[in-house]
$ cat model.cif   # mmCIF, C-alpha atoms
data_target
#
loop_
_atom_site.label_atom_id
_atom_site.label_comp_id
_atom_site.auth_asym_id
_atom_site.auth_seq_id
_atom_site.Cartn_x
_atom_site.Cartn_y
_atom_site.Cartn_z
CA MET B 4 18.40 30.89 -5.38
CA ASN B 5 19.85 28.63 -8.07
CA GLY B 6 21.31 26.38 -5.39
CA ARG B 7 17.94 25.93 -3.73
CA MET B 8 16.29 25.18 -7.08
CA THR B 9 18.97 22.61 -7.87
CA THR B 10 18.48 21.00 -4.47
CA ARG B 11 14.73 20.76 -4.94
CA ARG B 12 15.16 19.38 -8.44
CA GLY B 13 17.72 16.87 -7.24
CA SER B 14 15.43 15.81 -4.42
CA ALA B 15 12.55 15.26 -6.85
CA VAL B 16 14.75 13.18 -9.16
CA ALA B 17 16.01 11.09 -6.23
CA TYR B 18 12.44 10.45 -5.08
CA GLU B 19 11.35 9.41 -8.57
CA GLU B 20 14.27 7.02 -8.93
CA ALA B 21 13.59 5.45 -5.52
CA TYR B 22 9.79 5.18 -5.66
CA GLY B 23 8.82 5.65 -9.31
CA LEU B 24 8.07 1.98 -9.93
CA THR B 25 7.84 0.40 -6.47
CA LEU B 26 5.98 2.57 -4.00
CA SER B 27 6.25 0.38 -0.92
CA SER B 28 7.25 -3.00 0.49
CA ARG B 29 5.38 -4.90 3.19
CA VAL B 30 5.99 -8.03 5.26
CA ARG B 31 3.18 -9.59 7.28
CA LEU B 32 3.53 -12.45 9.76
CA ALA B 33 0.51 -14.50 10.89
CA ARG B 34 0.70 -15.98 14.40
CA ASN B 35 -1.68 -17.68 16.83
CA LEU B 36 -1.51 -18.50 20.52
CA ARG B 37 -1.01 -22.14 21.43
CA GLY B 38 -4.05 -24.07 22.64
CA LEU B 39 -6.65 -21.40 21.77
CA PRO B 40 -9.21 -21.55 18.95
CA PHE B 41 -8.62 -19.26 15.98
CA PRO B 42 -10.58 -15.98 16.19
CA ASP B 43 -13.48 -17.08 13.97
CA GLN B 44 -14.02 -20.15 16.19
CA ALA B 45 -13.27 -18.51 19.54
CA THR B 46 -15.76 -17.24 22.09
CA ALA B 47 -15.88 -13.58 23.04
CA GLN B 48 -14.16 -14.46 26.30
CA ILE B 49 -11.21 -16.14 24.55
CA ARG B 50 -10.85 -13.28 22.04
CA ALA B 51 -10.82 -10.83 24.97
CA GLN B 52 -8.11 -12.94 26.62
CA VAL B 53 -6.04 -12.88 23.41
CA LEU B 54 -6.55 -9.14 23.09
CA GLN B 55 -5.25 -8.46 26.59
CA CYS B 56 -2.25 -10.79 26.23
CA VAL B 57 -1.11 -9.38 22.91
CA GLN B 58 -1.63 -5.73 23.92
CA THR B 59 0.43 -6.31 27.06
CA ALA B 60 3.23 -7.99 25.12
CA ALA B 61 3.30 -5.23 22.48
CA ARG B 62 2.86 -2.19 24.72
CA GLU B 63 6.51 -1.19 24.98
CA ALA B 64 7.25 -1.48 21.24
CA LEU B 65 3.85 -0.28 20.00
CA PRO B 66 2.42 2.17 22.54
CA ILE B 67 -0.50 3.37 20.38
CA GLN B 68 -3.19 0.73 20.96
CA GLU B 69 -6.62 1.36 19.47
CA SER B 70 -9.77 -0.72 19.83
CA LEU B 71 -11.62 -1.35 16.57
CA ALA B 72 -14.79 -3.07 17.78
CA ASP B 73 -16.56 0.11 18.88
CA SER B 74 -14.58 2.73 16.97
CA PRO B 75 -16.25 5.01 14.37
CA ARG B 76 -16.39 3.69 10.82
CA LEU B 77 -14.49 6.72 9.55
CA PHE B 78 -11.62 5.97 11.93
CA ARG B 79 -11.37 2.37 10.71
CA GLN B 80 -11.59 3.50 7.09
CA ARG B 81 -8.67 5.85 7.64
CA LEU B 82 -6.57 2.99 9.08
CA PHE B 83 -7.54 0.82 6.12
CA GLU B 84 -6.53 3.49 3.62
CA ASP B 85 -3.19 3.73 5.44
CA HIS B 86 -2.76 -0.07 5.01
CA LEU B 87 -2.72 -0.51 8.80
CA ILE B 88 -5.75 -2.80 8.95
CA SER B 89 -7.32 -5.28 6.54
CA HIS B 90 -10.77 -5.64 5.01
CA HIS B 91 -11.41 -8.16 7.76
CA LEU B 92 -11.09 -5.52 10.48
CA LEU B 93 -12.73 -2.71 8.54
CA GLU B 94 -16.12 -3.94 9.70
CA GLY B 95 -15.20 -3.61 13.38
CA ARG B 96 -14.87 -7.21 14.45
CA PRO B 97 -15.49 -7.85 18.17
CA GLU B 98 -12.47 -7.83 20.51
CA SER B 99 -10.23 -6.55 17.70
CA ALA B 100 -7.54 -3.88 17.89
CA VAL B 101 -4.53 -2.41 16.16
CA CYS B 102 -1.24 -1.61 17.92
CA ARG B 103 1.27 0.71 16.24
CA ASN B 104 4.04 3.18 16.84
CA ALA B 105 4.06 6.89 16.06
CA ASP B 106 6.01 6.54 12.80
CA ARG B 107 3.69 3.75 11.65
CA PRO B 108 6.13 1.46 9.85
CA LEU B 109 5.19 -1.28 12.34
CA SER B 110 1.78 -2.48 13.47
CA ILE B 111 -0.09 -5.49 14.84
CA MET B 112 -3.66 -6.48 14.06
CA ILE B 113 -5.26 -8.46 16.89
CA ASN B 114 -8.08 -10.98 16.37
CA GLU B 115 -8.18 -10.63 12.63
CA GLU B 116 -8.21 -13.95 10.76
CA ASP B 117 -5.41 -14.97 13.13
CA HIS B 118 -4.77 -13.91 16.73
CA VAL B 119 -1.77 -11.82 15.68
CA ARG B 120 -0.88 -10.21 12.37
CA ILE B 121 2.48 -8.43 12.54
CA GLN B 122 3.04 -5.96 9.74
CA ALA B 123 6.06 -3.91 8.65
CA ILE B 124 5.96 -1.38 5.79
CA ARG B 125 8.88 0.38 4.13
CA ALA B 126 8.92 2.91 1.29
CA GLY B 127 10.25 1.77 -2.08
CA LEU B 128 11.76 -1.64 -2.75
CA ALA B 129 12.91 -2.52 0.76
CA LEU B 130 11.69 -6.06 1.40
CA ARG B 131 14.77 -7.08 3.39
CA GLU B 132 14.42 -4.09 5.70
CA ALA B 133 10.70 -4.75 6.15
CA TRP B 134 11.46 -8.39 6.98
CA GLU B 135 14.05 -7.36 9.54
CA ASP B 136 11.55 -4.98 11.17
CA ALA B 137 8.81 -7.63 11.33
CA ASN B 138 11.20 -10.33 12.53
CA ALA B 139 12.55 -8.17 15.37
CA LEU B 140 9.02 -7.42 16.57
CA ASP B 141 8.09 -11.10 16.24
CA ASP B 142 11.06 -12.09 18.41
CA LEU B 143 10.07 -9.52 21.01
CA LEU B 144 6.49 -10.79 21.20
CA GLU B 145 7.58 -14.43 21.32
CA GLN B 146 9.39 -13.73 24.58
CA GLN B 147 5.97 -13.28 26.20
CA LEU B 148 3.57 -15.15 23.92
CA ASP B 149 3.45 -18.91 23.35
CA TYR B 150 2.88 -19.35 19.62
CA ALA B 151 1.10 -22.30 18.03
CA PHE B 152 3.97 -24.04 16.25
CA SER B 153 4.51 -27.48 14.74
CA PRO B 154 8.05 -28.87 14.33
CA THR B 155 6.87 -30.41 11.06
CA LEU B 156 4.63 -27.72 9.59
CA GLY B 157 5.86 -24.51 11.17
CA TYR B 158 3.54 -21.76 12.44
CA LEU B 159 -0.12 -22.83 12.51
CA THR B 160 -2.58 -20.40 10.96
CA SER B 161 -6.29 -20.07 10.35
CA CYS B 162 -5.87 -20.32 6.58
CA PRO B 163 -3.94 -23.42 5.43
CA THR B 164 -2.17 -21.39 2.72
CA ASN B 165 -0.34 -19.42 5.44
CA VAL B 166 0.95 -22.45 7.37
CA GLY B 167 4.73 -22.63 7.55
CA THR B 168 6.47 -19.29 7.82
CA GLY B 169 3.09 -17.54 8.16
CA MET B 170 4.70 -14.86 6.03
CA ARG B 171 3.34 -12.73 3.21
CA ALA B 172 5.78 -10.39 1.54
CA SER B 173 4.42 -7.89 -0.96
CA VAL B 174 5.29 -4.83 -2.98
CA LEU B 175 3.05 -2.11 -4.42
CA MET B 176 4.03 -1.27 -8.00
CA HIS B 177 2.87 1.38 -10.47
CA LEU B 178 2.67 -0.33 -13.88
CA PRO B 179 0.86 1.99 -16.32
CA GLY B 180 3.26 1.26 -19.18
CA LEU B 181 2.44 -2.45 -19.18
CA VAL B 182 -1.28 -1.73 -18.92
CA ILE B 183 -1.37 0.86 -21.72
CA MET B 184 0.79 -1.28 -24.02
CA SER B 185 -1.54 -4.26 -23.35
CA GLU B 186 1.25 -6.35 -21.84
CA ILE B 187 0.08 -6.70 -18.25
CA GLU B 188 -1.96 -9.90 -18.67
CA PRO B 189 1.00 -12.08 -19.75
CA ILE B 190 2.98 -10.67 -16.81
CA ILE B 191 0.19 -11.51 -14.35
CA ASN B 192 -0.23 -15.00 -15.80
CA GLY B 193 3.50 -15.61 -15.60
CA LEU B 194 3.66 -14.46 -11.98
CA SER B 195 0.75 -16.73 -11.07
CA LYS B 196 2.53 -19.73 -12.56
CA ILE B 197 5.55 -19.22 -10.28
CA GLY B 198 3.48 -18.92 -7.11
CA LEU B 199 2.93 -15.17 -6.84
CA ALA B 200 -0.37 -13.35 -6.40
CA VAL B 201 -1.25 -10.08 -8.14
CA ARG B 202 -3.98 -7.94 -6.59
CA GLY B 203 -5.17 -4.35 -6.42
CA ARG B 204 -3.78 -1.60 -4.22
CA TRP B 205 -5.68 -2.67 -1.09
CA GLY B 206 -5.06 -6.38 -1.44
CA GLU B 207 -7.30 -9.36 -1.96
CA GLY B 208 -10.60 -8.66 -3.70
CA THR B 209 -9.68 -5.14 -4.83
CA ALA B 210 -9.25 -3.86 -8.37
CA ALA B 211 -5.97 -2.48 -9.68
CA LEU B 212 -7.18 1.12 -9.85
CA GLY B 213 -4.68 3.71 -10.96
CA HIS B 214 -2.46 1.00 -12.49
CA MET B 215 -1.38 0.03 -8.96
CA PHE B 216 -0.63 -3.66 -8.43
CA GLN B 217 0.26 -5.54 -5.25
CA ILE B 218 2.54 -8.51 -5.92
CA SER B 219 3.03 -11.05 -3.13
CA ASN B 220 4.18 -14.59 -2.41
CA GLN B 221 1.64 -17.40 -2.05
CA LEU B 222 3.97 -20.19 -0.92
CA THR B 223 4.73 -20.16 2.80
CA LEU B 224 5.54 -23.83 3.46
CA GLY B 225 8.94 -25.34 2.76
CA LEU B 226 10.73 -22.04 2.16
CA SER B 227 12.68 -19.86 4.55
CA GLU B 228 11.66 -16.27 5.11
CA MET B 229 14.83 -14.93 3.49
CA ARG B 230 14.32 -17.16 0.46
CA ILE B 231 10.81 -15.73 0.04
CA VAL B 232 12.17 -12.19 0.28
CA GLU B 233 15.03 -12.82 -2.13
CA ASP B 234 12.83 -14.55 -4.71
CA LEU B 235 10.20 -11.80 -4.61
CA GLU B 236 12.84 -9.08 -4.80
CA ALA B 237 14.35 -10.65 -7.91
CA ILE B 238 10.96 -10.94 -9.60
CA VAL B 239 10.05 -7.34 -8.72
CA LYS B 240 13.25 -6.11 -10.37
CA GLU B 241 12.38 -8.14 -13.47
CA VAL B 242 8.85 -6.70 -13.61
CA ALA B 243 10.32 -3.21 -13.13
CA GLY B 244 12.54 -3.83 -16.16
CA HIS B 245 9.52 -4.80 -18.27
CA GLU B 246 7.68 -1.67 -17.09
CA GLN B 247 10.63 0.58 -17.94
CA ASN B 248 10.82 -1.00 -21.38
CA ALA B 249 7.09 -0.53 -21.94
CA ARG B 250 7.32 3.14 -20.91
CA MET B 251 10.22 3.73 -23.29
CA ARG B 252 8.30 2.19 -26.19
CA LEU B 253 5.17 4.11 -25.24
CA LYS B 254 7.06 7.39 -25.51
CA GLN B 255 8.84 6.40 -28.73
CA GLU B 256 6.00 4.71 -30.59
CA ARG B 257 2.95 6.51 -29.18
CA GLY B 258 4.42 9.80 -28.09
CA LEU B 259 1.44 11.96 -29.02
CA PHE B 260 -0.92 9.63 -27.15
CA ALA B 261 1.30 9.77 -24.05
CA GLU B 262 1.46 13.59 -24.20
CA ASP B 263 -2.31 13.80 -24.60
CA LEU B 264 -2.90 11.39 -21.71
CA ALA B 265 -0.74 13.46 -19.37
CA ALA B 266 -2.20 16.78 -20.55
CA ARG B 267 -5.79 15.60 -20.15
CA ALA B 268 -5.05 14.24 -16.67
CA GLU B 269 -3.44 17.51 -15.61
CA GLY B 270 -6.25 19.56 -17.13
CA LEU B 271 -9.02 17.59 -15.42
CA LEU B 272 -7.31 17.45 -12.05
CA SER B 273 -6.61 21.17 -12.03
CA SER B 274 -10.05 22.32 -13.20
CA ALA B 275 -12.79 19.75 -12.41
CA ARG B 276 -15.56 20.66 -9.96
CA LEU B 277 -16.56 17.07 -9.18
CA MET B 278 -14.15 14.16 -8.86
CA THR B 279 -14.85 10.62 -7.63
CA ALA B 280 -12.15 8.71 -5.76
CA GLN B 281 -11.82 6.25 -8.66
CA GLU B 282 -11.37 8.95 -11.28
CA ALA B 283 -8.90 10.79 -9.06
CA LEU B 284 -6.78 7.63 -8.75
CA GLU B 285 -6.85 7.06 -12.50
CA ARG B 286 -6.00 10.65 -13.44
CA LEU B 287 -3.28 10.93 -10.78
CA SER B 288 -1.80 7.69 -12.11
CA GLU B 289 -1.68 9.16 -15.62
CA LEU B 290 -0.15 12.37 -14.26
CA ARG B 291 2.43 10.31 -12.38
CA LEU B 292 3.33 8.54 -15.63
CA GLY B 293 3.61 11.90 -17.40
CA ILE B 294 6.08 13.10 -14.77
CA ALA B 295 8.15 9.91 -15.12
CA LEU B 296 8.25 10.33 -18.93
CA GLY B 297 9.29 13.97 -18.65
CA LEU B 298 6.04 15.21 -20.21
CA VAL B 299 4.84 17.19 -17.18
CA LYS B 300 7.00 19.98 -15.82
CA GLY B 301 6.68 21.92 -12.59
CA LEU B 302 5.04 19.08 -10.65
CA ASP B 303 6.87 16.41 -8.69
CA MET B 304 5.98 12.77 -8.12
CA GLN B 305 6.10 13.13 -4.34
CA THR B 306 3.19 15.59 -4.46
CA VAL B 307 1.19 13.21 -6.64
CA ASP B 308 1.89 10.28 -4.30
CA ARG B 309 0.72 12.32 -1.32
CA LEU B 310 -2.48 13.20 -3.16
CA LEU B 311 -3.12 9.55 -4.03
CA LEU B 312 -3.70 9.04 -0.31
CA ASP B 313 -5.10 12.45 0.67
CA VAL B 314 -8.05 12.22 -1.76
CA GLN B 315 -9.24 8.89 -0.35
CA PRO B 316 -12.66 9.18 1.38
CA ALA B 317 -11.55 8.86 5.02
CA HIS B 318 -8.47 11.05 4.61
CA LEU B 319 -10.53 13.69 2.85
CA GLN B 320 -13.17 13.79 5.59
CA THR B 321 -10.61 13.70 8.40
CA ALA B 322 -8.78 16.68 6.90
CA ALA B 323 -12.07 18.57 6.54
CA GLY B 324 -13.05 17.71 10.11
CA ARG B 325 -16.51 16.38 9.25
CA SER B 326 -18.39 13.49 7.68
CA MET B 327 -19.58 14.04 4.12
CA SER B 328 -22.02 12.54 1.67
CA GLY B 329 -20.67 11.04 -1.54
CA GLU B 330 -21.36 14.18 -3.56
CA GLU B 331 -19.84 16.41 -0.88
CA ARG B 332 -16.69 14.29 -1.01
CA ASP B 333 -16.55 14.62 -4.79
CA VAL B 334 -16.81 18.40 -4.49
CA GLU B 335 -14.18 18.61 -1.74
CA ARG B 336 -11.86 16.22 -3.58
CA ALA B 337 -12.02 18.33 -6.74
CA ARG B 338 -11.43 21.51 -4.72
CA ARG B 339 -8.42 20.00 -3.01
CA LEU B 340 -6.95 18.84 -6.30
CA ARG B 341 -7.47 22.24 -7.92
CA GLN B 342 -5.79 23.88 -4.96
CA GLU B 343 -2.79 21.57 -5.13
CA LEU B 344 -2.32 21.27 -8.90
CA ARG B 345 -3.48 24.52 -10.49
CA ARG B 346 -0.42 26.50 -11.54
CA PRO B 347 0.17 30.00 -12.92
CA ALA B 348 -0.80 30.35 -16.58
CA LYS B 349 2.68 31.56 -17.58
CA ARG B 350 4.25 28.27 -16.39
CA THR B 351 1.79 26.20 -18.41
CA ALA B 352 2.30 28.45 -21.44
CA LYS B 353 6.04 28.04 -21.14
CA ARG B 354 5.68 24.29 -21.33
CA ASN B 355 3.28 24.50 -24.31
CA PRO B 356 4.41 27.49 -26.40
#
$ encode --input "model.cif" --output "structure tokens"
Amino acid sequence: MNGRMTTRRGSAVAYEEAYGLTLSSRVRLARNLRGLPFPDQATAQIRAQVLQCVQTAAREALPIQESLADSPRLFRQRLFEDHLISHHLLEGRPESAVCRNADRPLSIMINEEDHVRIQAIRAGLALREAWEDANALDDLLEQQLDYAFSPTLGYLTSCPTNVGTGMRASVLMHLPGLVIMSEIEPIINGLSKIGLAVRGRWGEGTAALGHMFQISNQLTLGLSEMRIVEDLEAIVKEVAGHEQNARMRLKQERGLFAEDLAARAEGLLSSARLMTAQEALERLSELRLGIALGLVKGLDMQTVDRLLLDVQPAHLQTAAGRSMSGEERDVERARRLRQELRRPAKRTAKRNP
């Protein structure tokens, strides 16, 4: 019994150390086919031609190939929440599709802003591994596809800011300490000055709900892919150091506030009857911080991270097996959170004698 408890505790600690600050790493490569207009300028016939060519080239590596043009909105929303498609494809663009494998670390978006968007995602800070995954798939596709490439400029893309490597590397970080201690703005400004972009959890145009920030490179011309990865990795480690420092000072200087924040988050999540997606993200973020600071016992960060995705609208409805109105989702979300987070009274009492 004690051995199993120690194993579970050790597993939770290992997870927290690996993913506590950086939840995931992603590398995306933008490619286009030589001699064909970019998707926004192409006719339906050309986009259909691109779709067929890319699906054929990717079939062996990515056997799950799903059309987006005529798929249900809920299906596309689920893919978007899983970071498998972009805002651009959420609306069901014509002749668009996503190709992926069963484990879903690799995917291709077809006829998004560019003909091909290769994407590799890894858990934690694993930019090098994500780059290796994306590069291997890129090499495989290039054996069958003729990319638009300039010896001077590099890969040609729809957006001029992607010309060159066509690469965007990004990490998703949880930075509540910097936000609460009012130190996030100088960090964001500093990152912008060195050519990095800071966005919300779902990328461009999204707010940083739940203290989740996506940090990515903006420069793609004149730098090698490995240089981009190495530079971003170094900056992420520096930001992580600032976040750790902010959390330490939060606990030392504003300990009662931190305890209250975690207790209120746990209380609301385990008892509320209505819960919007935004509030759920914010409270789960505070609970996640409480776990990291050692203020919440009996709950692990891995459970919280799973709930951060499970309470999103499309995931919630898919799990329930039906479409729901906004209020129905709020009711179901609160029920799900109560079910997952409510714990026996004696365990809570033990923590707060």
$ resolve_selection --input "model.cif" --expression "the PyMOL selection byres ((chain B and resi 314) around 8)" --output "PyMOL selection string"
chain B and resi 280+283+310-313+315-316+318-319+336+339
$ write_last_selection --input "model.cif" --atoms "C-alpha atoms" --output "mmCIF file, in the frame of the given file"
data_model
loop_
_atom_site.group_PDB
_atom_site.id
_atom_site.type_symbol
_atom_site.label_atom_id
_atom_site.label_comp_id
_atom_site.auth_asym_id
_atom_site.auth_seq_id
_atom_site.Cartn_x
_atom_site.Cartn_y
_atom_site.Cartn_z
ATOM 1 C CA ALA B 280 -12.150 8.710 -5.760
ATOM 2 C CA ALA B 283 -8.900 10.790 -9.060
ATOM 3 C CA LEU B 310 -2.480 13.200 -3.160
ATOM 4 C CA LEU B 311 -3.120 9.550 -4.030
ATOM 5 C CA LEU B 312 -3.700 9.040 -0.310
ATOM 6 C CA ASP B 313 -5.100 12.450 0.670
ATOM 7 C CA GLN B 315 -9.240 8.890 -0.350
ATOM 8 C CA PRO B 316 -12.660 9.180 1.380
ATOM 9 C CA HIS B 318 -8.470 11.050 4.610
ATOM 10 C CA LEU B 319 -10.530 13.690 2.850
ATOM 11 C CA ARG B 336 -11.860 16.220 -3.580
ATOM 12 C CA ARG B 339 -8.420 20.000 -3.010
#
$ atom_distance --input "model.cif" --atom1 "atom CA of B:Glu69" --atom2 "atom CA of B:Val101"
5.4 Å
$ residues_around --input "model.cif" --residues "stretch 116-122 of chain B" --least-positions-apart "5" --cutoff "6 Å" --atoms "only C-alpha atoms" --output "list in words"
Val30, Arg31, Leu32, Ala33, Arg34, Asn35, Leu109, Ser110, Ile111 and Ser161 of chain B
$ atom_distance --input "model.cif" --atom1 "atom CA of B:Ala126" --atom2 "atom CA of B:Val174"
9.6 Å
$ closest_residue --input "model.cif" --among "B:Asp234, B:Val166, B:Tyr158, B:Val182" --to "B:Ile197" --atoms "only C-alpha atoms"
B:Asp234
$ resolve_selection --input "model.cif" --expression "the PyMOL selection byres ((chain B and resi 341) around 10)" --output "NGL selection string"
:B and (269-276 or 335-340 or 342-346)
$ resolve_selection --input "model.cif" --expression "the PyMOL selection byres ((chain B and resi 84) around 9)" --output "PDB file with C-alpha atoms, in the coordinates of the input"
ATOM      1  CA  ARG B  79     -11.370   2.370  10.710  1.00  0.00           C
ATOM      2  CA  GLN B  80     -11.590   3.500   7.090  1.00  0.00           C
ATOM      3  CA  ARG B  81      -8.670   5.850   7.640  1.00  0.00           C
ATOM      4  CA  LEU B  82      -6.570   2.990   9.080  1.00  0.00           C
ATOM      5  CA  PHE B  83      -7.540   0.820   6.120  1.00  0.00           C
ATOM      6  CA  ASP B  85      -3.190   3.730   5.440  1.00  0.00           C
ATOM      7  CA  HIS B  86      -2.760  -0.070   5.010  1.00  0.00           C
ATOM      8  CA  LEU B  87      -2.720  -0.510   8.800  1.00  0.00           C
ATOM      9  CA  ILE B  88      -5.750  -2.800   8.950  1.00  0.00           C
ATOM     10  CA  TRP B 205      -5.680  -2.670  -1.090  1.00  0.00           C
ATOM     11  CA  LEU B 312      -3.700   9.040  -0.310  1.00  0.00           C
ATOM     12  CA  GLN B 315      -9.240   8.890  -0.350  1.00  0.00           C
ATOM     13  CA  PRO B 316     -12.660   9.180   1.380  1.00  0.00           C
ATOM     14  CA  ALA B 317     -11.550   8.860   5.020  1.00  0.00           C
ATOM     15  CA  HIS B 318      -8.470  11.050   4.610  1.00  0.00           C
TER      16      HIS B 318
END
$ atom_distance --input "model.cif" --atom1 "atom CA of B:Leu144" --atom2 "atom CA of B:Leu235"
26.1 Å
$ residues_near_point --input "model.cif" --point "(3.5, -6.4, -11.2)" --cutoff "6 Å" --atoms "all atoms listed in the file" --output "number ranges by chain"
B: 216, 218, 242
$ closest_residue --input "model.cif" --among "B:Ile67, B:Met229, B:Ile124, B:Ala60" --to "B:Ala105" --atoms "all atoms listed in the file"
B:Ile67
$ closest_residue --input "model.cif" --among "B:Thr160, B:Gln146, B:Thr321, B:Gln221" --to "B:Leu194" --atoms "only C-alpha atoms"
B:Gln221
$ residues_around --input "model.cif" --residues "B:Ile187" --least-positions-apart "6" --cutoff "12 Å" --atoms "all atoms listed in the file" --output "PDB file with C-alpha atoms, keeping the file's coordinate frame"
ATOM      1  CA  HIS B 177       2.870   1.380 -10.470  1.00  0.00           C
ATOM      2  CA  LEU B 178       2.670  -0.330 -13.880  1.00  0.00           C
ATOM      3  CA  PRO B 179       0.860   1.990 -16.320  1.00  0.00           C
ATOM      4  CA  GLY B 180       3.260   1.260 -19.180  1.00  0.00           C
ATOM      5  CA  LEU B 181       2.440  -2.450 -19.180  1.00  0.00           C
ATOM      6  CA  GLY B 193       3.500 -15.610 -15.600  1.00  0.00           C
ATOM      7  CA  LEU B 194       3.660 -14.460 -11.980  1.00  0.00           C
ATOM      8  CA  VAL B 201      -1.250 -10.080  -8.140  1.00  0.00           C
ATOM      9  CA  ALA B 211      -5.970  -2.480  -9.680  1.00  0.00           C
ATOM     10  CA  HIS B 214      -2.460   1.000 -12.490  1.00  0.00           C
ATOM     11  CA  MET B 215      -1.380   0.030  -8.960  1.00  0.00           C
ATOM     12  CA  PHE B 216      -0.630  -3.660  -8.430  1.00  0.00           C
ATOM     13  CA  VAL B 242       8.850  -6.700 -13.610  1.00  0.00           C
ATOM     14  CA  ALA B 243      10.320  -3.210 -13.130  1.00  0.00           C
ATOM     15  CA  HIS B 245       9.520  -4.800 -18.270  1.00  0.00           C
ATOM     16  CA  GLU B 246       7.680  -1.670 -17.090  1.00  0.00           C
ATOM     17  CA  ALA B 249       7.090  -0.530 -21.940  1.00  0.00           C
TER      18      ALA B 249
END
$ residues_near_point --input "model.cif" --point "(-7.3, 8.9, -14.1)" --cutoff "9 Å" --atoms "only C-alpha atoms" --output "count of residues only"
15
$ closest_residue --input "model.cif" --among "B:Ile183, B:Asn165, B:Phe152, B:Phe41" --to "B:Arg252" --atoms "only C-alpha atoms"
B:Ile183
$ residues_around --input "model.cif" --residues "B:Cys56" --least-positions-apart "5" --cutoff "12 Å" --atoms "all atoms listed in the file" --output "list of chain:residue names"
B:Asn35, B:Leu36, B:Ile49, B:Arg50, B:Ala51, B:Ala61, B:Arg62, B:Ile113, B:Asn114, B:His118, B:Val119, B:Leu144, B:Glu145, B:Gln147, B:Leu148, B:Asp149, B:Tyr150
$ closest_residue --input "model.cif" --among "B:Asn220, B:Arg267, B:Leu259, B:Ile231" --to "B:Ala200" --atoms "all atoms listed in the file"
B:Asn220
$ residues_around --input "model.cif" --residues "B:Gln320" --least-positions-apart "6" --cutoff "8 Å" --atoms "only C-alpha atoms" --output "compact mmCIF listing (two decimals) with C-alpha atoms, keeping the file's coordinate frame"
# COMPACT_ATOMS: atom_id res chain seq x y z
CA SER B 326 -18.39 13.49 7.68
CA MET B 327 -19.58 14.04 4.12
CA ARG B 332 -16.69 14.29 -1.01
$ residues_around --input "model.cif" --residues "B:Asp73" --least-positions-apart "2" --cutoff "9 Å" --atoms "all atoms listed in the file" --output "ChimeraX atom specification"
/B:70-71,75-76,95-97
$ decode --input "model.cif" --residues "stretch 225-237 of chain B" --atoms "N, CA and C atoms" --output "short mmCIF file (atom, residue, chain, number, x, y, z; two decimals), in the first residue's frame"
data_model
loop_
_atom_site.label_atom_id
_atom_site.label_comp_id
_atom_site.auth_asym_id
_atom_site.auth_seq_id
_atom_site.Cartn_x
_atom_site.Cartn_y
_atom_site.Cartn_z
N GLY B 225 16.78 34.42 -42.64
CA GLY B 225 18.16 34.68 -42.25
C GLY B 225 18.64 33.88 -41.05
N LEU B 226 17.80 33.02 -40.53
CA LEU B 226 18.18 32.17 -39.40
C LEU B 226 17.91 30.71 -39.76
N SER B 227 18.74 29.82 -39.27
CA SER B 227 18.49 28.40 -39.48
C SER B 227 17.42 27.93 -38.51
N GLU B 228 16.81 26.80 -38.85
CA GLU B 228 15.78 26.25 -37.98
C GLU B 228 16.32 25.93 -36.59
N MET B 229 17.50 25.33 -36.51
CA MET B 229 18.07 24.99 -35.22
C MET B 229 18.40 26.22 -34.41
N ARG B 230 18.84 27.29 -35.07
CA ARG B 230 19.12 28.54 -34.35
C ARG B 230 17.83 29.08 -33.73
N ILE B 231 16.74 29.02 -34.48
CA ILE B 231 15.45 29.48 -33.96
C ILE B 231 15.07 28.68 -32.73
N VAL B 232 15.21 27.36 -32.82
CA VAL B 232 14.87 26.48 -31.70
C VAL B 232 15.75 26.77 -30.49
N GLU B 233 17.04 26.88 -30.70
CA GLU B 233 17.96 27.10 -29.59
C GLU B 233 17.72 28.45 -28.92
N ASP B 234 17.49 29.48 -29.73
CA ASP B 234 17.24 30.81 -29.16
C ASP B 234 15.96 30.82 -28.33
N LEU B 235 14.89 30.22 -28.88
CA LEU B 235 13.62 30.20 -28.16
C LEU B 235 13.74 29.38 -26.88
N GLU B 236 14.42 28.26 -26.96
CA GLU B 236 14.60 27.41 -25.78
C GLU B 236 15.31 28.16 -24.66
N ALA B 237 16.33 28.91 -25.01
CA ALA B 237 17.07 29.68 -24.01
C ALA B 237 16.19 30.74 -23.37
#
